[in-house]
file run.csv (CSV, C-alpha atoms and all ligand atoms)
chain,number,residue,atom,x,y,z
A,112,MET,CA,-0.4,34.7,-35.9
A,113,PHE,CA,-2.7,37.3,-34.4
A,114,SER,CA,-2.2,38.0,-30.7
A,115,THR,CA,-3.2,40.8,-28.3
A,116,ARG,CA,-1.0,39.6,-25.4
A,117,LYS,CA,0.8,42.5,-23.8
A,118,ILE,CA,4.6,42.3,-23.8
A,119,ARG,CA,6.7,44.2,-21.3
A,120,ILE,CA,9.7,46.1,-22.6
A,121,PHE,CA,12.7,46.1,-20.3
A,122,ASP,CA,15.3,48.6,-21.4
A,123,THR,CA,18.9,47.9,-20.5
A,124,THR,CA,20.6,50.7,-22.6
A,125,LEU,CA,21.9,52.2,-19.4
A,126,ARG,CA,23.4,48.9,-18.1
A,127,ASP,CA,24.2,46.4,-20.9
A,128,GLY,CA,24.3,49.1,-23.5
A,129,GLU,CA,26.8,51.1,-21.5
A,130,GLN,CA,28.9,48.0,-20.9
A,131,ALA,CA,30.0,48.3,-24.6
A,132,PRO,CA,33.6,49.5,-24.9
A,133,GLY,CA,34.0,53.2,-25.4
A,134,ILE,CA,30.6,54.0,-24.0
A,135,ASP,CA,30.9,55.8,-20.7
A,136,LEU,CA,28.0,58.1,-19.9
A,137,THR,CA,28.1,60.8,-17.3
A,138,LEU,CA,25.5,61.0,-14.6
A,139,GLU,CA,23.7,63.9,-16.4
A,140,GLN,CA,23.7,61.9,-19.7
A,141,LYS,CA,22.3,58.9,-18.1
A,142,VAL,CA,19.5,60.9,-16.5
A,143,ARG,CA,18.7,62.5,-19.9
A,144,ILE,CA,18.4,59.0,-21.5
A,145,ALA,CA,16.3,57.8,-18.6
A,146,ARG,CA,13.9,60.7,-18.9
A,147,GLN,CA,13.5,59.9,-22.6
A,148,LEU,CA,13.0,56.2,-21.9
A,149,GLN,CA,10.3,57.1,-19.4
A,150,ARG,CA,8.6,59.4,-22.1
A,151,LEU,CA,8.9,56.6,-24.6
A,152,GLY,CA,6.9,54.3,-22.3
A,153,VAL,CA,9.3,51.4,-21.6
A,154,ASP,CA,8.0,49.3,-18.6
A,155,THR,CA,11.4,48.9,-16.8
A,156,ILE,CA,14.6,50.9,-17.0
A,157,GLU,CA,17.7,49.1,-15.9
A,158,ALA,CA,19.6,52.1,-14.7
A,159,GLY,CA,23.0,50.5,-14.1
A,160,PHE,CA,25.0,48.2,-11.9
A,161,PRO,CA,25.1,50.1,-8.5
A,162,ALA,CA,27.8,47.9,-6.9
A,163,SER,CA,30.2,48.3,-9.9
A,164,SER,CA,31.3,51.9,-9.2
A,165,GLU,CA,30.5,55.1,-7.3
A,166,GLY,CA,29.3,56.7,-10.6
A,167,GLU,CA,26.9,53.8,-11.3
A,168,PHE,CA,25.6,54.0,-7.7
A,169,PHE,CA,24.9,57.7,-7.8
A,170,ALA,CA,23.5,57.6,-11.4
A,171,THR,CA,21.1,54.8,-10.3
A,172,LYS,CA,20.1,56.8,-7.3
A,173,ARG,CA,19.4,60.0,-9.4
A,174,ILE,CA,17.5,58.1,-12.0
A,175,ILE,CA,15.2,56.7,-9.3
A,176,GLU,CA,14.7,60.2,-8.0
A,177,GLU,CA,14.0,61.6,-11.4
A,178,VAL,CA,11.7,58.9,-13.0
A,179,GLY,CA,11.1,56.3,-10.3
A,180,ASP,CA,7.6,57.5,-9.6
A,181,SER,CA,6.3,56.7,-13.1
A,182,VAL,CA,8.4,53.8,-14.3
A,183,GLU,CA,10.0,50.7,-12.7
A,184,VAL,CA,13.7,51.4,-12.3
A,185,THR,CA,15.9,48.4,-11.6
A,186,GLY,CA,19.6,47.7,-11.2
A,187,LEU,CA,21.9,44.8,-11.8
A,188,ALA,CA,23.3,42.8,-8.9
A,189,ARG,CA,25.4,39.6,-8.6
A,190,ALA,CA,23.7,37.0,-6.5
A,191,ASN,CA,25.2,38.1,-3.2
A,192,LYS,CA,24.1,40.2,-0.3
A,193,ASN,CA,26.7,43.0,-0.8
A,194,ASP,CA,25.5,43.8,-4.3
A,195,ILE,CA,21.8,43.6,-3.3
A,196,ASP,CA,22.4,45.9,-0.3
A,197,ARG,CA,24.2,48.4,-2.5
A,198,GLY,CA,21.1,48.4,-4.8
A,199,ILE,CA,18.8,48.9,-1.8
A,200,GLU,CA,21.1,51.8,-0.6
A,201,ALA,CA,20.7,53.4,-4.0
A,202,GLY,CA,16.9,53.3,-3.5
A,203,LEU,CA,16.0,50.4,-5.8
A,204,ALA,CA,12.5,48.9,-5.4
A,205,SER,CA,13.3,46.4,-8.1
A,206,ILE,CA,16.5,44.4,-8.6
A,207,HIS,CA,17.9,42.2,-11.4
A,208,VAL,CA,19.9,39.4,-9.7
A,209,PHE,CA,22.1,37.1,-11.9
A,210,ILE,CA,24.4,34.1,-11.6
A,211,ALA,CA,25.5,31.9,-14.4
A,212,THR,CA,24.3,28.4,-14.9
A,213,SER,CA,26.5,27.1,-17.8
A,214,ASP,CA,29.3,24.6,-17.0
A,215,VAL,CA,31.9,26.8,-18.7
A,216,HIS,CA,31.0,29.7,-16.4
A,217,LEU,CA,30.8,27.5,-13.3
A,218,LYS,CA,34.2,26.0,-14.0
A,219,TYR,CA,36.3,28.9,-15.2
A,220,LYS,CA,34.6,32.0,-13.8
A,221,LEU,CA,32.6,31.1,-10.7
A,222,LYS,CA,34.6,28.0,-9.6
A,223,MET,CA,31.4,26.7,-8.0
A,224,THR,CA,29.5,23.5,-8.2
A,225,ARG,CA,25.9,23.3,-9.5
A,226,GLU,CA,24.6,22.7,-6.0
A,227,GLN,CA,26.4,25.8,-4.8
A,228,VAL,CA,24.9,27.8,-7.6
A,229,LEU,CA,21.4,26.6,-6.7
A,230,ASP,CA,21.9,27.6,-3.1
A,231,ARG,CA,23.1,31.0,-4.1
A,232,ILE,CA,20.1,31.6,-6.4
A,233,TYR,CA,17.8,30.6,-3.5
A,234,GLU,CA,19.5,32.7,-0.9
A,235,SER,CA,19.9,35.8,-3.0
A,236,VAL,CA,16.4,35.9,-4.4
A,237,LYS,CA,15.0,35.2,-0.9
A,238,TYR,CA,17.2,37.9,0.6
A,239,ALA,CA,16.1,40.5,-2.0
A,240,LYS,CA,12.4,39.5,-1.5
A,241,SER,CA,12.8,39.8,2.3
A,242,HIS,CA,13.5,43.5,1.6
A,243,GLY,CA,10.3,43.9,-0.3
A,244,LEU,CA,12.0,44.2,-3.7
A,245,ILE,CA,10.6,43.2,-7.1
A,246,VAL,CA,13.1,40.5,-8.1
A,247,GLU,CA,14.0,39.4,-11.6
A,248,TYR,CA,16.5,36.5,-11.7
A,249,SER,CA,18.8,35.8,-14.7
A,250,PRO,CA,20.7,32.5,-15.2
A,251,GLU,CA,23.6,34.1,-17.1
A,252,ASP,CA,24.6,32.0,-20.2
A,253,ALA,CA,21.3,30.1,-19.9
A,254,THR,CA,21.4,29.0,-23.6
A,255,ARG,CA,24.7,27.1,-23.2
A,256,SER,CA,23.6,25.6,-19.9
A,257,ASN,CA,22.5,22.0,-19.4
A,258,VAL,CA,18.8,22.2,-19.9
A,259,GLU,CA,17.8,20.1,-16.9
A,260,PHE,CA,20.1,22.2,-14.7
A,261,LEU,CA,18.7,25.4,-16.2
A,262,LEU,CA,15.1,24.2,-15.4
A,263,GLN,CA,16.2,23.5,-11.8
A,264,ALA,CA,17.7,27.0,-11.5
A,265,VAL,CA,14.5,28.6,-12.8
A,266,LYS,CA,12.4,26.5,-10.4
A,267,THR,CA,14.7,27.4,-7.5
A,268,ALA,CA,14.3,31.1,-8.3
A,269,VAL,CA,10.6,30.8,-8.5
A,270,GLU,CA,10.4,28.9,-5.2
A,271,ALA,CA,12.5,31.6,-3.5
A,272,GLY,CA,9.9,34.2,-4.7
A,273,ALA,CA,11.3,35.6,-7.9
A,274,ASP,CA,8.7,37.7,-9.7
A,275,ARG,CA,10.3,37.3,-13.2
A,276,VAL,CA,12.9,35.0,-14.7
A,277,ASN,CA,14.9,36.3,-17.5
A,278,ILE,CA,16.6,33.9,-20.0
A,279,PRO,CA,19.8,35.4,-21.4
A,280,ASP,CA,21.3,34.3,-24.6
A,281,THR,CA,24.6,35.7,-23.3
A,282,VAL,CA,26.8,35.0,-26.3
A,283,GLY,CA,24.0,35.0,-28.9
A,284,VAL,CA,24.1,31.3,-29.9
A,285,MET,CA,20.4,30.7,-30.3
A,286,THR,CA,18.4,30.3,-33.4
A,287,PRO,CA,14.7,31.3,-33.4
A,288,PHE,CA,13.2,27.7,-33.5
A,289,LYS,CA,15.5,26.4,-30.8
A,290,PHE,CA,14.9,29.4,-28.6
A,291,GLN,CA,11.1,29.2,-29.0
A,292,GLU,CA,11.2,25.6,-27.8
A,293,LEU,CA,13.5,26.4,-24.9
A,294,ILE,CA,11.2,29.2,-23.7
A,295,LYS,CA,8.2,26.9,-23.9
A,296,LYS,CA,9.9,24.5,-21.5
A,297,ILE,CA,10.9,27.3,-19.1
A,298,VAL,CA,7.3,28.7,-19.1
A,299,GLU,CA,6.1,25.2,-18.1
A,300,VAL,CA,8.1,25.2,-14.9
A,301,SER,CA,7.6,28.8,-13.9
A,302,SER,CA,4.3,28.7,-12.1
A,303,GLY,CA,2.9,31.6,-14.1
A,304,ARG,CA,5.8,34.0,-13.4
A,305,ILE,CA,6.7,36.4,-16.3
A,306,ILE,CA,9.5,34.9,-18.4
A,307,SER,CA,11.7,37.4,-20.1
A,308,VAL,CA,14.3,37.0,-22.9
A,309,HIS,CA,17.6,38.8,-23.3
A,310,CYS,CA,19.3,38.2,-26.6
A,311,HIS,CA,22.7,39.2,-27.8
A,312,ASN,CA,23.4,39.8,-31.5
A,313,ASP,CA,26.6,37.8,-32.1
A,314,PHE,CA,25.1,36.1,-35.2
A,315,GLY,CA,22.7,39.0,-36.1
A,316,LEU,CA,19.8,37.1,-34.7
A,317,ALA,CA,19.0,39.0,-31.5
A,318,THR,CA,15.7,40.5,-32.8
A,319,ALA,CA,14.6,37.2,-34.4
A,320,ASN,CA,15.4,35.3,-31.3
A,321,SER,CA,13.6,37.8,-29.0
A,322,ILE,CA,10.5,37.5,-31.1
A,323,ALA,CA,10.7,33.7,-31.2
A,324,GLY,CA,11.0,33.8,-27.4
A,325,VAL,CA,7.8,35.8,-27.2
A,326,VAL,CA,6.0,33.4,-29.5
A,327,GLY,CA,7.3,30.6,-27.2
A,328,GLY,CA,5.5,32.3,-24.2
A,329,ALA,CA,7.9,35.1,-22.9
A,330,GLY,CA,6.1,38.1,-21.6
A,331,GLN,CA,9.0,40.5,-21.5
A,332,VAL,CA,11.9,41.4,-23.8
A,333,HIS,CA,15.2,43.0,-22.8
A,334,VAL,CA,16.4,45.6,-25.4
A,335,THR,CA,18.7,48.5,-25.9
A,336,VAL,CA,18.2,51.6,-28.0
A,337,ASN,CA,20.0,51.2,-31.3
A,338,GLY,CA,21.0,47.6,-30.2
A,339,ILE,CA,24.1,48.9,-28.4
A,340,GLY,CA,25.8,46.5,-25.9
A,341,GLU,CA,28.5,44.0,-25.4
A,342,ARG,CA,30.3,42.8,-28.6
A,343,ALA,CA,27.7,42.8,-31.4
A,344,GLY,CA,25.1,44.3,-29.0
A,345,ASN,CA,21.7,43.5,-27.7
A,346,ALA,CA,18.3,43.1,-29.4
A,347,SER,CA,17.4,46.6,-30.6
A,348,LEU,CA,14.4,48.3,-28.9
A,349,GLU,CA,13.1,49.8,-32.1
A,350,GLU,CA,13.2,46.6,-34.1
A,351,VAL,CA,11.7,44.4,-31.3
A,352,VAL,CA,8.9,46.9,-30.6
A,353,MET,CA,7.9,47.4,-34.2
A,354,ALA,CA,8.1,43.7,-35.1
A,355,LEU,CA,5.9,42.9,-32.0
A,356,LYS,CA,3.4,45.5,-32.9
A,357,LYS,CA,3.2,45.4,-36.7
A,358,LEU,CA,4.1,41.9,-37.6
A,359,LEU,CA,2.5,40.0,-34.7
A,360,ASN,CA,0.0,42.4,-33.2
A,361,TYR,CA,1.2,42.2,-29.6
A,362,GLU,CA,0.5,45.1,-27.4
A,363,VAL,CA,3.4,47.2,-26.1
A,364,ASN,CA,3.3,50.4,-24.1
A,365,VAL,CA,6.1,52.1,-26.1
A,366,LYS,CA,5.0,55.2,-28.0
A,367,SER,CA,6.5,54.2,-31.4
A,368,TRP,CA,6.5,57.8,-32.8
A,369,LEU,CA,9.3,58.7,-30.3
A,370,LEU,CA,11.6,55.9,-31.5
A,371,TYR,CA,13.6,58.0,-34.0
A,372,ASP,CA,14.2,60.9,-31.6
A,373,THR,CA,15.2,58.4,-28.9
A,374,SER,CA,17.6,56.7,-31.2
A,375,LYS,CA,19.2,60.1,-32.2
A,376,LEU,CA,19.6,61.1,-28.5
A,377,VAL,CA,21.3,57.9,-27.6
A,378,SER,CA,23.5,58.1,-30.6
A,379,GLU,CA,24.5,61.7,-29.8
A,380,LEU,CA,25.2,61.0,-26.1
A,381,THR,CA,27.1,57.7,-26.6
A,382,GLY,CA,28.9,58.9,-29.7
A,383,VAL,CA,27.9,55.7,-31.6
A,384,PRO,CA,26.4,56.5,-35.0
A,385,VAL,CA,23.2,54.8,-36.2
A,386,PRO,CA,24.0,52.8,-39.3
A,387,PHE,CA,22.5,54.3,-42.5
A,388,PHE,CA,20.7,51.0,-43.3
A,389,LYS,CA,19.5,50.4,-39.7
A,390,ALA,CA,15.9,49.1,-39.6
A,391,ILE,CA,13.3,51.6,-38.3
A,392,VAL,CA,15.6,54.4,-37.3
A,393,GLY,CA,18.3,54.4,-39.9
A,394,ASP,CA,18.4,57.4,-42.3
A,395,ASN,CA,17.7,55.0,-45.2
A,396,ALA,CA,15.0,53.1,-43.5
A,397,PHE,CA,12.4,55.0,-45.6
A,398,GLY,CA,14.8,56.1,-48.4
A,399,HIS,CA,13.9,55.5,-52.0
A,400,GLU,CA,16.0,56.2,-55.2
A,401,ALA,CA,15.0,53.7,-57.9
A,402,GLY,CA,12.5,55.2,-60.3
A,403,ILE,CA,10.0,52.3,-60.0
A,404,HIS,CA,10.1,52.5,-56.2
A,405,VAL,CA,9.8,56.3,-56.0
A,406,HIS,CA,6.9,56.3,-58.5
A,407,GLY,CA,5.1,53.6,-56.4
A,408,VAL,CA,5.7,55.5,-53.1
A,409,ILE,CA,4.4,58.7,-54.6
A,410,GLU,CA,1.2,57.0,-55.8
A,411,ASN,CA,0.8,55.1,-52.5
A,412,PRO,CA,3.5,54.6,-49.9
A,413,LEU,CA,2.2,51.1,-49.1
A,414,THR,CA,3.8,49.9,-52.3
A,415,TYR,CA,7.3,50.0,-50.9
A,416,GLU,CA,7.0,50.8,-47.2
A,417,PRO,CA,5.8,48.3,-44.6
A,418,MET,CA,4.9,51.0,-42.1
A,419,ALA,CA,4.7,54.8,-42.3
A,420,PRO,CA,7.8,56.7,-41.3
A,421,GLU,CA,5.7,59.0,-39.1
A,422,GLU,CA,4.7,55.9,-37.0
A,423,VAL,CA,8.3,55.7,-35.7
A,424,GLY,CA,9.1,59.4,-36.0
A,425,ASN,CA,11.4,58.9,-39.0
A,426,PHE,CA,11.2,60.6,-42.4
A,427,ARG,CA,10.7,59.5,-46.0
A,428,ARG,CA,13.7,60.5,-48.1
A,429,LEU,CA,13.6,60.5,-51.9
A,430,ALA,CA,17.0,60.5,-53.4
A,431,LEU,CA,18.4,61.2,-56.8
A,432,GLY,CA,20.8,59.0,-58.6
A,433,LYS,CA,21.4,56.9,-61.7
A,434,HIS,CA,18.3,54.8,-60.9
A,435,SER,CA,16.0,57.8,-60.7
A,436,GLY,CA,12.9,58.3,-62.7
A,437,ILE,CA,10.9,61.3,-63.8
A,438,HIS,CA,8.2,61.0,-61.1
A,439,GLY,CA,10.8,61.2,-58.3
A,440,LEU,CA,12.5,64.1,-59.9
A,441,ARG,CA,9.2,66.0,-60.4
A,442,LYS,CA,8.3,65.5,-56.8
A,443,ILE,CA,11.7,66.7,-55.5
A,444,LEU,CA,11.6,69.8,-57.7
A,445,GLU,CA,8.0,70.6,-57.0
A,446,ASP,CA,8.7,70.4,-53.3
A,447,GLN,CA,11.2,73.2,-53.9
A,448,GLY,CA,8.7,75.2,-56.0
A,449,ILE,CA,10.0,74.3,-59.4
A,450,TYR,CA,7.5,73.2,-62.0
A,451,LEU,CA,8.7,71.8,-65.4
A,452,ASP,CA,6.9,70.0,-68.2
A,453,ASP,CA,7.8,66.4,-69.0
A,454,GLU,CA,10.2,67.3,-71.9
A,455,LYS,CA,12.2,69.6,-69.7
A,456,LEU,CA,12.1,67.1,-66.8
A,457,LYS,CA,13.6,64.5,-69.1
A,458,GLU,CA,16.5,66.8,-69.9
A,459,VAL,CA,17.1,67.6,-66.3
A,460,LEU,CA,17.0,63.9,-65.5
A,461,GLN,CA,19.7,63.2,-68.1
A,462,GLU,CA,22.0,65.8,-66.5
A,463,VAL,CA,21.3,64.2,-63.0
A,464,LYS,CA,22.2,60.8,-64.3
A,465,LYS,CA,25.4,62.1,-65.9
A,466,ILE,CA,26.5,63.4,-62.6
A,467,ALA,CA,25.6,60.2,-60.8
A,468,ASP,CA,27.3,58.0,-63.4
A,469,SER,CA,30.5,59.9,-62.8
A,470,GLY,CA,30.3,58.7,-59.1
A,471,ASN,CA,29.0,61.9,-57.6
A,472,LYS,CA,26.1,62.4,-55.3
A,473,VAL,CA,23.2,64.5,-56.5
A,474,SER,CA,21.3,66.5,-53.9
A,475,ALA,CA,17.9,68.1,-54.2
A,476,GLU,CA,19.7,71.5,-54.4
A,477,ASP,CA,21.8,70.2,-57.3
A,478,ALA,CA,18.6,69.2,-59.1
A,479,LYS,CA,17.1,72.6,-58.4
A,480,ARG,CA,20.2,74.4,-59.8
A,481,ILE,CA,20.1,72.3,-63.0
A,482,ALA,CA,16.3,72.8,-63.4
A,483,THR,CA,16.6,76.5,-62.9
A,484,ARG,CA,18.6,76.7,-66.2
A,485,PHE,CA,15.7,74.9,-68.0
A,486,LEU,CA,13.1,77.3,-66.5
A,487,THR,CA,14.4,80.2,-68.6
A,488,SER,CA,15.5,78.3,-71.7
A,501,LIG,O1,24.0,38.9,-21.3
A,501,LIG,C1,23.8,38.6,-20.1
A,501,LIG,O2,23.8,37.4,-19.8
A,501,LIG,C2,23.5,39.6,-19.2
A,501,LIG,C3,23.1,39.2,-17.8
A,501,LIG,C4,23.7,40.0,-16.8
A,501,LIG,C5,21.6,39.2,-17.8
A,501,LIG,O3,23.6,40.8,-19.5
A,502,ZN,ZN,23.6,40.9,-21.7

call {"tool": "encode", "arguments": {"input": "run.csv", "output": "C-alpha cells", "more": "lines below"}}
Ligand code: KIV
Ligand code: ZN
result
Amino acid sequence: MFSTRKIRIFDTTLRDGEQAPGIDLTLEQKVRIARQLQRLGVDTIEAGFPASSEGEFFATKRIIEEVGDSVEVTGLARANKNDIDRGIEAGLASIHVFIATSDVHLKYKLKMTREQVLDRIYESVKYAKSHGLIVEYSPEDATRSNVEFLLQAVKTAVEAGADRVNIPDTVGVMTPFKFQELIKKIVEVSSGRIISVHCHNDFGLATANSIAGVVGGAGQVHVTVNGIGERAGNASLEEVVMALKKLLNYEVNVKSWLLYDTSKLVSELTGVPVPFFKAIVGDNAFGHEAGIHVHGVIENPLTYEPMAPEEVGNFRRLALGKHSGIHGLRKILEDQGIYLDDEKLKEVLQEVKKIADSGNKVSAEDAKRIATRFLTS
C-alpha cells in the first residue's frame, strides 16, 4: 500500500481528552495546549464543549482568539439550537454537531424515534450552515447503529449541508476489517464530503481501527495526545500520525519532531503519566538493553528501530542490565569519557551483571563508578 492522499488530523485532546475523569484543565492550561497543537500542525483543534460550562465557553473563546487565525478551531454541540448558538457566541466558525443513531441510545438516552433523530440532524446541520459555519456531524455510537439507518443519517446530514461526517466508534467495538468495510459504505453515500473516524480504545484497537478507516476512504482522523479520553481513551495522535506517515505513506501536516514535547506538555498539565512502553513517545520507545540489540543499534540503528527517535523528538536510551553486552557498555562509558580495553570492559560488565542479578538497577553513573576503579588498576 503506497498512497500520497493527504489526511486531516482533528485533535480532540481539549474536548474528548478532557472528558476523562480527573482531567480538568484551567483556561490557561487549555490555551497552552492549544498553542502547542497549533505549532504541531494539526488541522482542527476541538477546543471544548461551549454549552457544557462557563469555563468551557470562555476557554473556547480564548483559544479562538489565540490560534483561530492559523488553525480551524471547533467546538462540540448537541444537535440543538441552544448549543449551536452558544458555540456561535463563543466565536466558533466551525462546529461539531452530534446526535446518536444507535437504538440503545435512542431508547434509553434520547427517548426519540429514528424519524425524530433524522429531523434533528437535518434541522441542526441546516441551522449551523445558515450561520455560515463549517459543520461536521457525528452520529454518536455509529458502529452499534443499524447500518441502513446510519447510512440514512449520513445522507440526511449531507443533504442539510454538512461539510464533513465523522463516524464515532463510541465504545470501541470495531475491528479493523469490519470498520474498513463500514467506512467504504459511508463514503459511497457521502457525495464527496470528507469522512472522518473517531475511535475509542476499549479493546486496544483505536489506532488500528483509525488506520483501517483511512484505508477504507476516510480523509480525517480524530485523535488525542497520548490517547487520553473517556474510559480507555481515544486513538493516540502520535501513533496515528506515525503509522499514516511511515507505514502507509499518507501525507499529514503534523510536524512529527514536535510529538515528544507535545506529549510531555499534555502529560505535565493533565497529570496523566505517559506509560514507559508507550509507542512513539514512551521513554522506552527507543530503549535498548539486550547486548545483541545494543550492538546492532550501535552499528546501524535500522537494525532495531523502525524510525529514528529524532523524527518524533524522542531519544535513544541505552540501558545496562543482566542482558547487556560489551558493545553497549563501551558506548555508555565512552559517552562519559571513559576508555577501557576489552579485558577491563569484561570485568566491569561482570560487576554490572552482578548488581542487575541481585534485582537492582544499574545506571550509566554506576557503570562509570565501577569502571573508574579499573582505570587505575
Ligand atoms: O465518542 C463519541 O461518540 C464522541 C462524539 C461526541 C463524537 O466523542
Ligand atoms: Zn469520543

call {"tool": "residues_around", "arguments": {"input": "run.csv", "residues": "Lys433 in chain A", "least_positions_apart": "5", "cutoff": "8 Å", "atoms": "only C-alpha atoms", "output": "PyMOL selection string"}}
result
chain A and resi 463-465+467-468

call {"tool": "closest_residue", "arguments": {"input": "run.csv", "among": "A:Ala317, A:Leu203, A:Ile232, A:Ala170", "to": "ligand ZN 502 (chain A)", "atoms": "only C-alpha atoms and all ligand atoms"}}
result
A:Ala317

call {"tool": "atom_distance", "arguments": {"input": "run.csv", "atom1": "CA of Thr123 in chain A", "atom2": "CA of Asp154 in chain A"}}
result
11.2 Å

call {"tool": "closest_residue", "arguments": {"input": "run.csv", "among": "A:Ile118, A:Leu244, A:Ala401, A:Leu370", "to": "Ile305 in chain A", "atoms": "all atoms listed in the file"}}
result
A:Ile118

call {"tool": "closest_residue", "arguments": {"input": "run.csv", "among": "A:Leu148, A:Ala390, A:Leu358, A:Val282", "to": "ligand ZN 502 (chain A)", "atoms": "only C-alpha atoms and all ligand atoms"}}
result
A:Val282

call {"tool": "residues_near_point", "arguments": {"input": "run.csv", "point": "(28.4, 23.3, -18.8)", "cutoff": "6 Å", "atoms": "all atoms listed in the file", "output": "NGL selection string"}}
result
:A and (213-215 or 256)

call {"tool": "residues_around", "arguments": {"input": "run.csv", "residues": "Ala273 in chain A", "least_positions_apart": "6", "cutoff": "9 Å", "atoms": "all atoms listed in the file", "output": "ChimeraX atom specification"}}
result
/A:236-237,240,245-248,267,304

call {"tool": "residues_near_ligand", "arguments": {"input": "run.csv", "ligand": "ligand ZN 502 (chain A)", "cutoff": "7 Å", "atoms": "only C-alpha atoms and all ligand atoms", "output": "VMD selection string"}}
result
chain A and resid 127 279 281 309 311 341 345

call {"tool": "residues_near_ligand", "arguments": {"input": "run.csv", "ligand": "ligand LIG 501 (chain A)", "cutoff": "10 Å", "atoms": "only C-alpha atoms and all ligand atoms", "output": "ChimeraX atom specification"}}
result
/A:123,126-128,130,160,187-189,207-211,247-254,277-283,308-311,333,340-341,344-345

call {"tool": "closest_residue", "arguments": {"input": "run.csv", "among": "A:Val265, A:Glu458, A:Gln149, A:Gly398", "to": "Leu431 in chain A", "atoms": "only C-alpha atoms"}}
result
A:Gly398

call {"tool": "atom_distance", "arguments": {"input": "run.csv", "atom1": "CA of Val300 in chain A", "atom2": "CA of Gly330 in chain A"}}
result
14.7 Å

call {"tool": "closest_residue", "arguments": {"input": "run.csv", "among": "A:Glu410, A:Glu349, A:Gln140, A:Gly436", "to": "Lys457 in chain A", "atoms": "all atoms listed in the file"}}
result
A:Gly436

call {"tool": "closest_residue", "arguments": {"input": "run.csv", "among": "A:Gln147, A:Ser347, A:Asn191, A:Thr115", "to": "Thr373 in chain A", "atoms": "only C-alpha atoms"}}
result
A:Gln147

call {"tool": "atom_distance", "arguments": {"input": "run.csv", "atom1": "CA of Gly328 in chain A", "atom2": "CA of Leu229 in chain A"}}
result
24.3 Å

call {"tool": "residues_around", "arguments": {"input": "run.csv", "residues": "range 441-452 of chain A", "least_positions_apart": "2", "cutoff": "9 Å", "atoms": "only C-alpha atoms", "output": "VMD selection string"}}
result
chain A and resid 409 429 to 431 436 to 439 454 to 457 475 to 476 478 to 479 482 to 483 485 to 486

call {"tool": "axis_aligned_box", "arguments": {"input": "run.csv", "around": "range 325-342 of chain A", "padding_each_side": "4 Å", "output": "lines of an AutoDock Vina configuration file"}}
result
center_x = 17.9
center_y = 41.1
center_z = -26.4
size_x = 32.8
size_y = 29.0
size_z = 17.8

call {"tool": "residues_near_point", "arguments": {"input": "run.csv", "point": "(29.1, 21.0, -9.5)", "cutoff": "12 Å", "atoms": "all atoms listed in the file", "output": "number ranges by chain"}}
result
A: 212-218, 221-230, 257, 260

call {"tool": "residues_around", "arguments": {"input": "run.csv", "residues": "Thr318 in chain A", "least_positions_apart": "5", "cutoff": "7 Å", "atoms": "all atoms listed in the file", "output": "VMD selection string"}}
result
chain A and resid 346 to 347 350 to 351
